[in-house]
file protein14.txt (compact mmCIF, C-alpha atoms)
# COMPACT_ATOMS: atom_id res chain seq x y z
CA MET I 23 -118.99 179.43 34.84
CA SER I 24 -121.56 182.13 34.24
CA LYS I 25 -122.89 184.26 37.06
CA ILE I 26 -126.32 183.88 35.46
CA GLN I 27 -128.63 181.33 36.97
CA HIS I 28 -128.66 177.93 35.30
CA VAL I 29 -130.98 177.65 32.32
CA GLY I 30 -132.55 174.39 31.27
CA ALA I 31 -132.51 172.45 28.04
CA ASP I 32 -135.99 173.70 27.10
CA TYR I 33 -134.86 177.33 27.17
CA LEU I 34 -131.75 176.51 25.10
CA TRP I 35 -133.85 174.68 22.50
CA ARG I 36 -136.28 177.63 22.28
CA ALA I 37 -133.42 180.03 21.73
CA ALA I 38 -131.67 177.80 19.19
CA THR I 39 -134.80 177.24 17.11
CA SER I 40 -135.76 180.91 16.97
CA PRO I 41 -135.54 182.31 13.42
CA ALA I 42 -132.92 184.87 14.47
CA VAL I 43 -130.48 182.35 15.96
CA MET I 44 -131.09 179.90 13.12
CA ALA I 45 -130.11 182.64 10.65
CA VAL I 46 -126.92 183.40 12.58
CA ARG I 47 -126.02 179.71 12.66
CA ALA I 48 -126.67 179.28 8.95
CA ARG I 49 -124.26 182.12 8.16
CA ALA I 50 -121.67 180.86 10.65
CA TRP I 51 -121.70 177.38 9.15
CA GLN I 52 -121.50 178.82 5.66
CA LEU I 53 -118.31 180.63 6.68
CA LEU I 54 -117.02 177.52 8.48
CA GLY I 55 -117.26 175.65 5.18
CA LEU I 56 -117.98 172.15 6.47
CA LEU I 57 -117.77 169.32 3.96
CA PRO I 58 -119.23 165.81 4.08
CA GLY I 59 -116.92 163.50 6.00
CA ALA I 60 -115.51 166.24 8.25
CA ARG I 61 -114.72 165.64 11.92
CA VAL I 62 -116.18 168.51 13.99
CA LEU I 63 -116.09 169.53 17.65
CA ASP I 64 -118.98 171.55 19.12
CA ILE I 65 -117.62 173.27 22.24
CA GLY I 66 -120.31 174.02 24.82
CA CYS I 67 -122.91 171.90 23.06
CA GLY I 68 -125.65 172.11 25.72
CA PRO I 69 -128.48 169.69 24.90
CA GLY I 70 -127.22 169.22 21.35
CA THR I 71 -128.99 172.08 19.61
CA ALA I 72 -126.11 172.49 17.14
CA THR I 73 -124.61 169.00 17.02
CA LEU I 74 -127.69 167.50 15.39
CA ALA I 75 -127.60 169.99 12.53
CA LEU I 76 -123.81 169.72 12.21
CA ALA I 77 -124.18 165.95 11.96
CA ALA I 78 -126.56 166.39 9.03
CA ARG I 79 -123.94 168.51 7.28
CA VAL I 80 -121.00 166.13 7.66
CA GLY I 81 -123.06 162.97 7.11
CA MET I 82 -122.52 159.43 8.31
CA PHE I 83 -118.94 159.34 7.02
CA GLY I 84 -118.09 162.31 9.22
CA ALA I 85 -118.08 162.67 12.99
CA VAL I 86 -119.46 165.23 15.42
CA ILE I 87 -118.46 165.41 19.07
CA GLY I 88 -120.27 167.73 21.43
CA LEU I 89 -118.59 168.83 24.65
CA ASP I 90 -120.29 170.34 27.69
CA SER I 91 -119.41 170.73 31.37
CA ASP I 92 -122.95 169.78 32.49
CA PRO I 93 -123.51 165.99 32.58
CA GLU I 94 -127.29 166.47 32.33
CA MET I 95 -126.85 168.40 29.09
CA VAL I 96 -124.56 165.67 27.75
CA ALA I 97 -127.14 163.00 28.55
CA SER I 98 -129.92 165.05 26.94
CA ALA I 99 -127.82 165.62 23.81
CA ASP I 100 -127.02 161.92 23.47
CA ALA I 101 -130.71 161.07 23.84
CA SER I 102 -131.57 163.54 21.07
CA ALA I 103 -128.89 162.03 18.81
CA ARG I 104 -130.30 158.53 19.37
CA ALA I 105 -133.82 159.74 18.65
CA ALA I 106 -132.64 161.41 15.45
CA GLY I 107 -130.85 158.25 14.28
CA ILE I 108 -127.42 159.90 14.10
CA ALA I 109 -125.79 158.42 17.20
CA GLY I 110 -123.51 156.33 14.99
CA TRP I 111 -121.48 159.43 14.09
CA THR I 112 -122.56 161.89 16.79
CA ARG I 113 -121.64 161.68 20.46
CA HIS I 114 -121.36 163.99 23.44
CA GLN I 115 -119.09 164.01 26.43
CA GLN I 116 -118.32 166.03 29.52
CA GLY I 117 -115.43 168.49 29.50
CA THR I 118 -114.48 172.16 29.64
CA ALA I 119 -113.67 174.64 26.91
CA THR I 120 -110.45 175.68 28.66
CA ASP I 121 -109.03 172.15 28.84
CA LEU I 122 -110.26 170.14 25.87
CA PRO I 123 -109.75 166.39 26.40
CA PHE I 124 -108.41 165.75 22.90
CA PRO I 125 -104.92 165.50 21.37
CA PRO I 126 -103.62 168.16 18.99
CA ALA I 127 -105.00 168.28 15.44
CA SER I 128 -107.94 165.99 16.26
CA PHE I 129 -110.59 167.87 14.26
CA ASP I 130 -111.18 169.38 10.86
CA ALA I 131 -113.25 172.14 12.46
CA CYS I 132 -114.34 173.55 15.82
CA TYR I 133 -117.55 175.43 16.51
CA CYS I 134 -118.34 177.36 19.71
CA GLU I 135 -121.49 179.43 20.19
CA ARG I 136 -122.41 181.76 23.05
CA VAL I 137 -119.87 180.25 25.45
CA LEU I 138 -117.18 182.90 25.87
CA GLN I 139 -119.67 185.37 27.37
CA HIS I 140 -119.86 183.00 30.34
CA LEU I 141 -116.08 182.79 30.82
CA THR I 142 -113.71 185.36 32.25
CA PRO I 143 -111.67 187.17 29.57
CA ASP I 144 -108.57 185.16 30.55
CA HIS I 145 -110.49 181.90 30.27
CA ALA I 146 -111.90 183.04 26.92
CA VAL I 147 -108.34 183.40 25.62
CA ARG I 148 -107.59 179.90 26.89
CA ALA I 149 -110.71 178.48 25.21
CA VAL I 150 -109.71 179.92 21.82
CA ALA I 151 -106.16 178.60 22.28
CA GLU I 152 -107.54 175.14 23.04
CA ALA I 153 -109.75 175.20 19.95
CA ALA I 154 -106.73 176.12 17.84
CA ARG I 155 -104.69 173.33 19.43
CA VAL I 156 -107.16 170.56 18.61
CA THR I 157 -107.81 171.75 15.03
CA ARG I 158 -105.62 170.35 12.28
CA PRO I 159 -103.55 172.65 10.04
CA GLY I 160 -105.84 173.98 7.36
CA GLY I 161 -108.88 173.38 9.53
CA ALA I 162 -111.41 176.04 10.46
CA ILE I 163 -112.51 177.49 13.79
CA CYS I 164 -115.73 179.43 14.31
CA PHE I 165 -116.77 181.33 17.43
CA VAL I 166 -120.14 183.04 17.75
CA ASP I 167 -120.91 185.27 20.70
CA SER I 168 -122.94 188.22 21.92
CA ASP I 169 -121.98 191.83 22.51
CA TRP I 170 -124.39 192.64 25.33
CA ALA I 171 -123.56 196.34 25.17
CA SER I 172 -125.87 196.41 22.15
CA PHE I 173 -128.86 194.87 23.96
CA SER I 174 -131.69 197.34 23.44
CA VAL I 175 -135.35 197.12 24.44
CA GLU I 176 -137.79 199.89 23.59
CA THR I 177 -140.10 201.02 26.38
CA SER I 178 -141.53 204.32 27.60
CA GLU I 179 -139.17 204.03 30.60
CA ASP I 180 -135.81 204.66 28.94
CA ALA I 181 -133.92 205.41 32.16
CA LEU I 182 -135.19 202.24 33.80
CA GLU I 183 -134.43 200.21 30.68
CA ARG I 184 -130.82 201.45 30.75
CA LYS I 185 -130.56 200.71 34.47
CA LEU I 186 -131.80 197.18 33.91
CA HIS I 187 -129.46 196.87 30.93
CA SER I 188 -126.50 197.71 33.16
CA LEU I 189 -127.61 195.21 35.78
CA HIS I 190 -128.09 192.57 33.08
CA LEU I 191 -124.53 193.09 31.80
CA ALA I 192 -123.16 192.59 35.31
CA GLN I 193 -124.46 189.02 35.34
CA PHE I 194 -121.93 187.94 32.70
CA HIS I 195 -118.25 187.28 33.26
CA ASN I 196 -117.52 188.51 29.73
CA PRO I 197 -120.50 190.53 28.41
CA PHE I 198 -118.58 192.06 25.50
CA ALA I 199 -117.20 188.73 24.22
CA GLY I 200 -118.57 189.19 20.71
CA ARG I 201 -116.52 192.26 19.91
CA THR I 202 -113.26 190.52 20.92
CA LEU I 203 -113.56 187.40 18.76
CA GLY I 204 -111.56 188.55 15.74
CA ARG I 205 -108.68 189.70 17.91
CA LEU I 206 -108.68 186.47 19.92
CA LEU I 207 -108.47 184.35 16.77
CA ARG I 208 -105.62 186.41 15.33
CA GLU I 209 -103.70 186.28 18.62
CA GLN I 210 -103.69 182.48 18.32
CA GLY I 211 -102.04 182.73 14.90
CA LEU I 212 -105.12 181.90 12.85
CA GLY I 213 -105.22 183.19 9.32
CA PHE I 214 -107.93 184.37 6.90
CA VAL I 215 -109.93 185.67 9.88
CA VAL I 216 -113.38 187.01 8.99
CA THR I 217 -115.72 188.71 11.45
CA GLU I 218 -119.36 189.59 10.87
CA PRO I 219 -121.59 191.42 13.34
CA ILE I 220 -125.27 190.61 12.96
CA ALA I 221 -128.12 192.57 14.52
CA VAL I 222 -130.44 189.93 15.93
CA PRO I 223 -134.07 191.02 16.37
CA LEU I 224 -135.65 189.83 19.60
CA THR I 225 -139.29 189.06 20.10
CA ALA I 226 -141.04 191.18 22.68
CA ALA I 227 -141.64 188.14 24.85
CA GLY I 228 -138.01 187.00 24.59
CA ALA I 229 -136.54 190.40 25.39
CA LEU I 230 -138.87 190.98 28.30
CA GLU I 231 -138.17 187.49 29.65
CA LEU I 232 -134.50 188.39 29.87
CA LEU I 233 -135.10 191.69 31.61
CA ALA I 234 -137.90 190.34 33.82
CA ARG I 235 -135.45 187.91 35.44
CA THR I 236 -132.92 190.72 35.81
CA ALA I 237 -135.52 193.02 37.37
CA GLN I 238 -136.64 190.43 39.90
CA ARG I 239 -133.08 189.73 41.01
CA ALA I 240 -132.38 193.46 41.20
CA VAL I 241 -135.28 193.95 43.62
CA GLU I 242 -134.15 191.00 45.72
CA GLN I 243 -130.65 192.48 45.90
CA LYS I 244 -131.96 196.01 46.67
CA GLN I 245 -130.65 197.40 43.37
CA LEU I 246 -134.14 198.30 42.20
CA SER I 247 -137.02 199.61 44.28
CA ASP I 248 -140.50 198.09 44.36
CA ALA I 249 -141.83 201.27 42.79
CA GLU I 250 -139.34 201.05 39.93
CA LEU I 251 -140.25 197.41 39.36
CA THR I 252 -143.94 198.32 39.21
CA ARG I 253 -143.24 201.10 36.69
CA TRP I 254 -141.11 198.79 34.59
CA ARG I 255 -143.69 196.02 34.49
CA ALA I 256 -146.44 198.46 33.52
CA ALA I 257 -144.36 199.97 30.71
CA ALA I 258 -143.29 196.54 29.48
CA ALA I 259 -146.86 195.26 29.42
CA VAL I 260 -147.94 198.17 27.22
CA ARG I 261 -145.12 197.67 24.72
CA LEU I 262 -145.59 193.90 24.66
CA ALA I 263 -149.08 194.42 23.27
CA GLU I 264 -147.95 196.65 20.38
CA PRO I 265 -147.07 195.15 16.98
CA ASP I 266 -144.13 197.46 16.23
CA TYR I 267 -142.17 196.52 19.32
CA ALA I 268 -138.39 196.93 18.86
CA ALA I 269 -135.59 195.01 20.58
CA HIS I 270 -132.29 193.67 19.34
CA LEU I 271 -128.87 192.32 20.25
CA THR I 272 -125.68 192.19 18.19
CA MET I 273 -124.07 188.79 17.77
CA VAL I 274 -120.66 188.41 16.14
CA ILE I 275 -119.39 185.55 14.00
CA ALA I 276 -115.62 185.07 13.71
CA VAL I 277 -113.99 182.38 11.58
CA GLY I 278 -110.31 181.65 11.01
CA ARG I 279 -108.06 178.96 9.57
CA ARG I 280 -105.32 177.09 11.39
CA LEU I 281 -102.16 177.80 9.40
call {"tool": "encode", "arguments": {"input": "protein14.txt", "output": "C-alpha cells"}}
result
Amino acid sequence: MSKIQHVGADYLWRAATSPAVMAVRARAWQLLGLLPGARVLDIGCGPGTATLALAARVGMFGAVIGLDSDPEMVASADASARAAGIAGWTRHQQGTATDLPFPPASFDACYCERVLQHLTPDHAVRAVAEAARVTRPGGAICFVDSDWASFSVETSEDALERKLHSLHLAQFHNPFAGRTLGRLLREQGLGFVVTEPIAVPLTAAGALELLARTAQRAVEQKQLSDAELTRWRAAAAVRLAEPDYAAHLTMVIAVGRRL
C-alpha cells in the first residue's frame, strides 16, 4: 500500500482523462497490440478509468477484468461499466497485484498502470511475476509507471522546490518504479521487451496540487518551516499565473511477451 494519502475516484478520473496520460495510454496500448476478442486483465484498475477503454478495444466478444484492492473502487468501476453498456464483457473484482486470484494462462494480455510505485520493490517483483503467471504463452504484458526522480516544477524558489521534491519522493514505497520496468520484465523471462520513457507535461495547477499537499504535510511533520511554506506559496502563485509555466514527469512504458 502507498504511504500517500488515499485519493478518490474523482482525482483518478481527472488524471486519467488529462491529455498527457491519455497520450501515454494510447502508446502503451499500441505496443500491447490488443485485438478484438482478447481477454485482458487490468491490474490496479481503480474506478475503471482504463477498463472502459480496453473494453472498447476488445469488443463484446472479448473480456476485460479489472482488479483493485479497494472495494469502493471496484463498485465504482462496475457502476461505470453498467452505465457505459459494457458490463456484459467487463467486470471488476477485489484482489491484490501480488496474489492474483486467477489460474495460470488465464489472459491474452495484462495491463498495469501506476501501481508499482505504490508497492515495495520486492512486492513490485512479485506483481510482475504474477502478471507473467496469468498470461498465456504468446500473450503480452504492459506496465506503465512513473520515475519520480524526474518530477520537475519551475519556480523562483529552486532550493525549496528541490526540498519539496525530496519530501514528495519519500511518500512512495517505490518512487523510481518506472526506470526498473524493463529489467523486471526480463527477469521474469519475458521476451521482445520494449521500453519507452515519455516526458509528460504537467499543468501548473496539477503540479502545484501535488506539491501543495506535500508542503502542507511537511509543515505538519516539522520538515518545513512556516516561513518556507509562505515563500513557496508566494512563488507558486506567481508562476501559476504565467503562460509559459514548465513542469514535467517521466513515465515509462514497458511491454514484453510471454514466451
call {"tool": "atom_distance", "arguments": {"input": "protein14.txt", "atom1": "atom CA of I:Arg255", "atom2": "atom CA of I:Ser40"}}
result
24.5 Å
call {"tool": "closest_residue", "arguments": {"input": "protein14.txt", "among": "I:Gln210, I:Ser91, I:Thr112, I:Thr236", "to": "I:Ala153", "atoms": "all atoms listed in the file"}}
result
I:Gln210
call {"tool": "closest_residue", "arguments": {"input": "protein14.txt", "among": "I:Ala131, I:Leu281, I:Ala45, I:Ala109", "to": "I:Ala60", "atoms": "only C-alpha atoms"}}
result
I:Ala131
call {"tool": "atom_distance", "arguments": {"input": "protein14.txt", "atom1": "atom CA of I:Leu212", "atom2": "atom CA of I:Pro197"}}
result
23.5 Å
call {"tool": "residues_around", "arguments": {"input": "protein14.txt", "residues": "I:Phe173", "least_positions_apart": "5", "cutoff": "10 Å", "atoms": "all atoms listed in the file", "output": "VMD selection string"}}
result
chain I and resid 168 184 187 to 188 190 to 191 221 to 224 229 269 to 273
call {"tool": "atom_distance", "arguments": {"input": "protein14.txt", "atom1": "atom CA of I:Gln52", "atom2": "atom CA of I:Ile163"}}
result
12.2 Å
call {"tool": "closest_residue", "arguments": {"input": "protein14.txt", "among": "I:Ala75, I:Ala181, I:Ala226, I:Ala240", "to": "I:Pro265", "atoms": "all atoms listed in the file"}}
result
I:Ala226
call {"tool": "closest_residue", "arguments": {"input": "protein14.txt", "among": "I:Ser178, I:Thr202, I:Ser98, I:Thr120", "to": "I:Val150", "atoms": "only C-alpha atoms"}}
result
I:Thr120
call {"tool": "residues_around", "arguments": {"input": "protein14.txt", "residues": "I:Thr157", "least_positions_apart": "3", "cutoff": "9 Å", "atoms": "only C-alpha atoms", "output": "VMD selection string"}}
result
chain I and resid 63 126 to 132 152 to 154 160 to 163 280
call {"tool": "residues_around", "arguments": {"input": "protein14.txt", "residues": "I:Ala119", "least_positions_apart": "2", "cutoff": "6 Å", "atoms": "all atoms listed in the file", "output": "ChimeraX atom specification"}}
result
/I:121-122,149
call {"tool": "residues_near_point", "arguments": {"input": "protein14.txt", "point": "(-110.0, 186.5, 28.6)", "cutoff": "12 Å", "atoms": "all atoms listed in the file", "output": "ChimeraX atom specification"}}
result
/I:120,138-151,195-200,202-203,205-206,209
call {"tool": "write_last_selection", "arguments": {"input": "protein14.txt", "atoms": "C-alpha atoms", "output": "short mmCIF file (atom, residue, chain, number, x, y, z; two decimals), in the coordinates of the input"}}
result
data_model
loop_
_atom_site.label_atom_id
_atom_site.label_comp_id
_atom_site.auth_asym_id
_atom_site.auth_seq_id
_atom_site.Cartn_x
_atom_site.Cartn_y
_atom_site.Cartn_z
CA THR I 120 -110.45 175.68 28.66
CA LEU I 138 -117.18 182.90 25.87
CA GLN I 139 -119.67 185.37 27.37
CA HIS I 140 -119.86 183.00 30.34
CA LEU I 141 -116.08 182.79 30.82
CA THR I 142 -113.71 185.36 32.25
CA PRO I 143 -111.67 187.17 29.57
CA ASP I 144 -108.57 185.16 30.55
CA HIS I 145 -110.49 181.90 30.27
CA ALA I 146 -111.90 183.04 26.92
CA VAL I 147 -108.34 183.40 25.62
CA ARG I 148 -107.59 179.90 26.89
CA ALA I 149 -110.71 178.48 25.21
CA VAL I 150 -109.71 179.92 21.82
CA ALA I 151 -106.16 178.60 22.28
CA HIS I 195 -118.25 187.28 33.26
CA ASN I 196 -117.52 188.51 29.73
CA PRO I 197 -120.50 190.53 28.41
CA PHE I 198 -118.58 192.06 25.50
CA ALA I 199 -117.20 188.73 24.22
CA GLY I 200 -118.57 189.19 20.71
CA THR I 202 -113.26 190.52 20.92
CA LEU I 203 -113.56 187.40 18.76
CA ARG I 205 -108.68 189.70 17.91
CA LEU I 206 -108.68 186.47 19.92
CA GLU I 209 -103.70 186.28 18.62
#
call {"tool": "axis_aligned_box", "arguments": {"input": "protein14.txt", "around": "stretch 83-101 of chain I", "padding_each_side": "6 Å", "output": "lines of an AutoDock Vina configuration file"}}
result
center_x = -124.4
center_y = 165.0
center_z = 19.8
size_x = 24.6
size_y = 23.4
size_z = 37.6
call {"tool": "closest_residue", "arguments": {"input": "protein14.txt", "among": "I:Phe165, I:Trp170, I:Phe214, I:Trp35", "to": "I:Tyr133", "atoms": "only C-alpha atoms"}}
result
I:Phe165
call {"tool": "decode", "arguments": {"input": "protein14.txt", "residues": "stretch 137-265 of chain I", "atoms": "C-alpha atoms", "output": "short mmCIF file (atom, residue, chain, number, x, y, z; two decimals), in the first residue's frame"}}
result
data_model
loop_
_atom_site.label_atom_id
_atom_site.label_comp_id
_atom_site.auth_asym_id
_atom_site.auth_seq_id
_atom_site.Cartn_x
_atom_site.Cartn_y
_atom_site.Cartn_z
CA VAL I 137 0.70 0.66 -9.42
CA LEU I 138 4.29 -0.45 -8.79
CA GLN I 139 5.24 2.98 -7.44
CA HIS I 140 2.94 2.21 -4.51
CA LEU I 141 4.49 -1.20 -3.78
CA THR I 142 7.81 -2.01 -2.16
CA PRO I 143 10.48 -3.11 -4.68
CA ASP I 144 10.11 -6.73 -3.52
CA HIS I 145 6.34 -6.58 -3.96
CA ALA I 146 6.83 -4.98 -7.39
CA VAL I 147 8.87 -8.02 -8.44
CA ARG I 148 6.06 -10.25 -7.16
CA ALA I 149 3.43 -8.26 -9.07
CA VAL I 150 5.30 -8.65 -12.36
CA ALA I 151 5.78 -12.38 -11.68
CA GLU I 152 2.05 -12.74 -11.06
CA ALA I 153 1.20 -10.92 -14.29
CA ALA I 154 3.52 -13.27 -16.18
CA ARG I 155 1.93 -16.29 -14.49
CA VAL I 156 -1.64 -15.46 -15.51
CA THR I 157 -0.74 -14.52 -19.11
CA ARG I 158 -0.83 -17.25 -21.72
CA PRO I 159 2.26 -18.12 -23.79
CA GLY I 160 2.47 -15.62 -26.60
CA GLY I 161 0.43 -13.10 -24.65
CA ALA I 162 1.57 -9.58 -23.86
CA ILE I 163 2.20 -7.75 -20.59
CA CYS I 164 2.38 -3.97 -20.27
CA PHE I 165 3.44 -2.00 -17.21
CA VAL I 166 3.37 1.80 -17.09
CA ASP I 167 4.86 3.68 -14.18
CA SER I 168 6.47 6.91 -13.06
CA ASP I 169 10.08 7.79 -12.36
CA TRP I 170 9.55 10.45 -9.70
CA ALA I 171 13.21 11.44 -9.76
CA SER I 172 12.33 13.35 -12.92
CA PHE I 173 9.49 15.36 -11.34
CA SER I 174 10.37 18.99 -12.01
CA VAL I 175 8.43 22.16 -11.27
CA GLU I 176 9.77 25.56 -12.25
CA THR I 177 9.58 28.28 -9.60
CA SER I 178 11.77 31.15 -8.44
CA GLU I 179 12.49 29.10 -5.30
CA ASP I 180 14.69 26.34 -6.72
CA ALA I 181 16.10 25.20 -3.37
CA LEU I 182 12.63 24.93 -1.86
CA GLU I 183 11.33 23.13 -4.94
CA ARG I 184 14.10 20.54 -4.61
CA LYS I 185 13.42 20.15 -0.90
CA LEU I 186 9.74 19.57 -1.58
CA HIS I 187 10.69 17.20 -4.40
CA SER I 188 12.72 15.10 -1.97
CA LEU I 189 9.88 15.05 0.54
CA HIS I 190 7.43 14.09 -2.22
CA LEU I 191 9.61 11.13 -3.25
CA ALA I 192 9.66 9.88 0.34
CA GLN I 193 5.90 9.35 0.24
CA PHE I 194 6.23 6.47 -2.24
CA HIS I 195 7.35 2.95 -1.44
CA ASN I 196 8.92 2.69 -4.89
CA PRO I 197 9.37 6.19 -6.39
CA PHE I 198 11.74 5.05 -9.15
CA ALA I 199 9.49 2.21 -10.37
CA GLY I 200 9.41 3.45 -13.96
CA ARG I 201 13.11 3.04 -14.58
CA THR I 202 13.06 -0.60 -13.38
CA LEU I 203 10.25 -1.92 -15.59
CA GLY I 204 12.32 -3.30 -18.45
CA ARG I 205 14.60 -5.18 -16.08
CA LEU I 206 11.65 -6.60 -14.11
CA LEU I 207 10.02 -7.93 -17.27
CA ARG I 208 13.23 -9.57 -18.49
CA GLU I 209 13.87 -11.14 -15.08
CA GLN I 210 10.53 -12.95 -15.43
CA GLY I 211 11.66 -14.47 -18.72
CA LEU I 212 9.58 -12.25 -20.98
CA GLY I 213 10.82 -11.75 -24.50
CA PHE I 214 10.70 -8.94 -27.08
CA VAL I 215 10.79 -6.40 -24.23
CA VAL I 216 10.40 -2.78 -25.33
CA THR I 217 10.71 0.21 -23.01
CA GLU I 218 9.81 3.80 -23.82
CA PRO I 219 10.29 6.76 -21.48
CA ILE I 220 7.86 9.61 -22.12
CA ALA I 221 8.20 13.12 -20.73
CA VAL I 222 4.72 14.01 -19.51
CA PRO I 223 3.98 17.74 -19.31
CA LEU I 224 2.05 18.75 -16.20
CA THR I 225 -0.34 21.63 -15.95
CA ALA I 226 0.60 24.30 -13.47
CA ALA I 227 -2.46 23.53 -11.39
CA GLY I 228 -1.76 19.77 -11.41
CA ALA I 229 1.90 20.12 -10.48
CA LEU I 230 1.20 22.59 -7.73
CA GLU I 231 -1.61 20.41 -6.38
CA LEU I 232 0.88 17.61 -5.90
CA LEU I 233 3.44 19.78 -4.16
CA ALA I 234 0.85 21.73 -2.16
CA ARG I 235 -0.21 18.53 -0.41
CA THR I 236 3.43 17.63 0.17
CA ALA I 237 4.19 21.09 1.57
CA GLN I 238 1.27 21.00 3.99
CA ARG I 239 2.27 17.59 5.33
CA ALA I 240 5.88 18.73 5.61
CA VAL I 241 4.85 21.64 7.84
CA GLU I 242 2.69 19.38 9.97
CA GLN I 243 5.63 17.00 10.40
CA LYS I 244 8.10 19.84 11.13
CA GLN I 245 10.07 19.16 7.94
CA LEU I 246 9.29 22.60 6.54
CA SER I 247 9.02 25.87 8.44
CA ASP I 248 6.05 28.22 8.28
CA ALA I 249 8.30 30.81 6.66
CA GLU I 250 9.39 28.35 3.96
CA LEU I 251 5.77 27.41 3.29
CA THR I 252 4.86 31.09 2.90
CA ARG I 253 7.74 31.64 0.47
CA TRP I 254 6.79 28.56 -1.51
CA ARG I 255 3.14 29.54 -1.81
CA ALA I 256 4.06 33.06 -2.94
CA ALA I 257 6.48 31.77 -5.59
CA ALA I 258 4.00 29.16 -6.78
CA ALA I 259 1.21 31.71 -7.09
CA VAL I 260 3.37 33.91 -9.33
CA ARG I 261 4.34 31.05 -11.64
CA LEU I 262 0.80 29.69 -11.77
CA ALA I 263 -0.31 32.94 -13.39
CA GLU I 264 2.31 32.83 -16.16
CA PRO I 265 1.53 31.17 -19.52
#
